[in-house]
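S.K.: For reference, the structure I am asking about is given below.
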Amino acid sequence: DSGILPIMAMHINYHEFIKDSVQLGSLIYESGGQLYDYPSQSASPYQSGEVFSFSPKNSVVRDSLTWRFRFSANYFITNTSKTVGALEIDFDDGRGYVSLAIPSTKSVSWNDFGVKYPKLRITYTDGTTYNATSRFFILGSHTPKHSNEWDDTHPIPNSTFVNHGANLRIS
């Protein structure tokens with residue numbers, strides 16, 4: 001639907017290399033530009049992690065204090081086996097948390113332009129609860145585009161392996 005901002009969310013379990021670079025160097029090796037675990041190791045070069053995050057698809061909007069948001073199962077990525085029991089969102093509009101059905105569309109109005117900090121809370125049927133906060137910029141026509149936006153790329157080098165790492169882009 002045009003004029004509706006999707007709310008994108010994810011709850012992901014992942015694995016990353018352990019932080020101890022000395023131990024990591026004894027558990028993996030590089031060959032032909034690829035990284036491999038040494039076979040028959042008693043220790044793992046990985047540690048598990050988890051992330052729960054969300055954001056409106058467009059986190060910077062202009063010239064209106066009223067916006068419509070859509071949440072759908074298609075906008076929620078997960079690799080957990082958990083079942084959603086309840087979903088609540090606080091749009092930082094002064095109303096506090098409101099229930100969010102899947103799927104649903106919500107119209108939200110704010111009193112002023114500026115940075116808003118919406119919060120999403122998910123409660124699973126196993127009783128676990130996760131919370132995330134996002135940033136939503138509502139810019140007026142008088143606000144210069146660059147003054148409230150962050151658009152930057154940061155290299156994240158790997159401390160053990162030269163020319164390995166990742167780039168993080170936040171915009």
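Chain labels A, B, ... are given in the sequence in which chains occur in the structure tokens; within each chain residues are numbered consecutively from 1, and ligands are likewise numbered from 1 in the order shown.
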Mind checking which residues fall within 10 Å of A:Asn13, counting only C-alpha atoms, ignoring those fewer than 2 positions away in the same chain, and posting them as a PyMOL selection string?
M.R.: chain A and resi 10-11+15+48-52+78-80
S.K.: Env of A:Ser64: 10 Å cut, atoms = only C-alpha atoms, seq-sep filter 3 positions within chain, self excluded. Answer as a list in words.
M.R.: Val61, Trp67, Ser109, Trp110, Asp112, Phe113, Ile138, Leu139, Gly140 and Ser141 of chain A
S.K.: Take the residues from that selection and put them in a file with C-alpha atoms, as a compact mmCIF listing (two decimals), in the first residue's frame.
M.R.:
# COMPACT_ATOMS: atom_id res chain seq x y z
CA VAL A 61 10.13 11.17 6.88
CA TRP A 67 1.87 8.49 9.49
CA SER A 109 0.03 11.33 15.11
CA TRP A 110 2.64 13.33 16.98
CA ASP A 112 5.82 18.06 16.99
CA PHE A 113 8.61 17.34 14.53
CA ILE A 138 10.05 13.41 11.46
CA LEU A 139 11.51 16.40 9.68
CA GLY A 140 9.62 19.58 8.85
CA SER A 141 10.09 21.32 5.52
S.K.: Taking only C-alpha atoms into account, which of A:Ser31, A:Ile4, A:Ser40, A:Gln47 comes nearest A:Glu16?
M.R.: A:Gln47
S.K.: What is the distance, in Å and to one decimal place, between atom CA of A:Ala132 and atom CA of A:Gly114?
M.R.: 19.7 Å
S.K.: Please give the complete set of residues from stretch 10-95 of chain A that DSSP, run on the backbone, assigns to strand (DSSP E or B), formatted as JSON, numbers by chain.
M.R.: {"A": [10, 11, 12, 13, 14, 15, 16, 17, 28, 29, 30, 31, 34, 35, 36, 37, 46, 47, 48, 49, 50, 51, 52, 53, 54, 55, 56, 60, 61, 62, 66, 67, 68, 69, 70, 71, 76, 77, 78, 84, 85, 86, 87, 88, 89, 90]}
S.K.: I need the residues in stretch 63-150 of chain A that are helix (DSSP H, G or I) according to DSSP; give them as a PyMOL selection string.
M.R.: chain A and resi 73-75+145-147
S.K.: Would you export the selected residues with N, CA, C and O atoms as a short mmCIF file (atom, residue, chain, number, x, y, z; two decimals), in the first residue's frame, please?
M.R.:
data_model
loop_
_atom_site.label_atom_id
_atom_site.label_comp_id
_atom_site.auth_asym_id
_atom_site.auth_seq_id
_atom_site.Cartn_x
_atom_site.Cartn_y
_atom_site.Cartn_z
N ALA A 73 3.37 -10.51 9.24
CA ALA A 73 4.30 -11.62 9.44
C ALA A 73 5.38 -11.62 8.36
O ALA A 73 6.50 -12.05 8.60
N ASN A 74 5.06 -11.09 7.17
CA ASN A 74 6.05 -11.01 6.09
C ASN A 74 7.19 -10.04 6.41
O ASN A 74 8.23 -10.09 5.79
N TYR A 75 6.97 -9.14 7.36
CA TYR A 75 7.98 -8.16 7.74
C TYR A 75 8.77 -8.59 8.97
O TYR A 75 9.57 -7.83 9.49
N LYS A 145 18.02 18.59 5.51
CA LYS A 145 18.06 17.13 5.48
C LYS A 145 19.22 16.55 6.28
O LYS A 145 19.06 15.60 7.01
N HIS A 146 20.38 17.15 6.20
CA HIS A 146 21.56 16.59 6.84
C HIS A 146 21.60 16.81 8.35
O HIS A 146 22.35 16.14 9.04
N SER A 147 20.79 17.67 8.89
CA SER A 147 20.96 18.02 10.30
C SER A 147 20.50 16.93 11.27
O SER A 147 21.00 16.85 12.38
#
S.K.: Fewer than 5 positions away in the same chain doesn't count, so skip those; otherwise give me all residues within 9 Å of A:Val108, counting only C-alpha atoms, as a PyMOL selection string.
M.R.: chain A and resi 65-69+91+93
S.K.: For A:Ile7, please output as a count of residues only all residues within 12 Å (counting only C-alpha atoms; exclusion window: fewer than 3 positions along the same chain).
M.R.: 33
S.K.: Which residue gives the smallest distance to A:Lys19 among A:Thr83, A:Thr133, A:Ser44, A:Ser107, with only C-alpha atoms counted?
M.R.: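 Nearest candidate to A:Lys19 out of A:Thr83, A:Thr133, A:Ser44, A:Ser107: A:Ser44.
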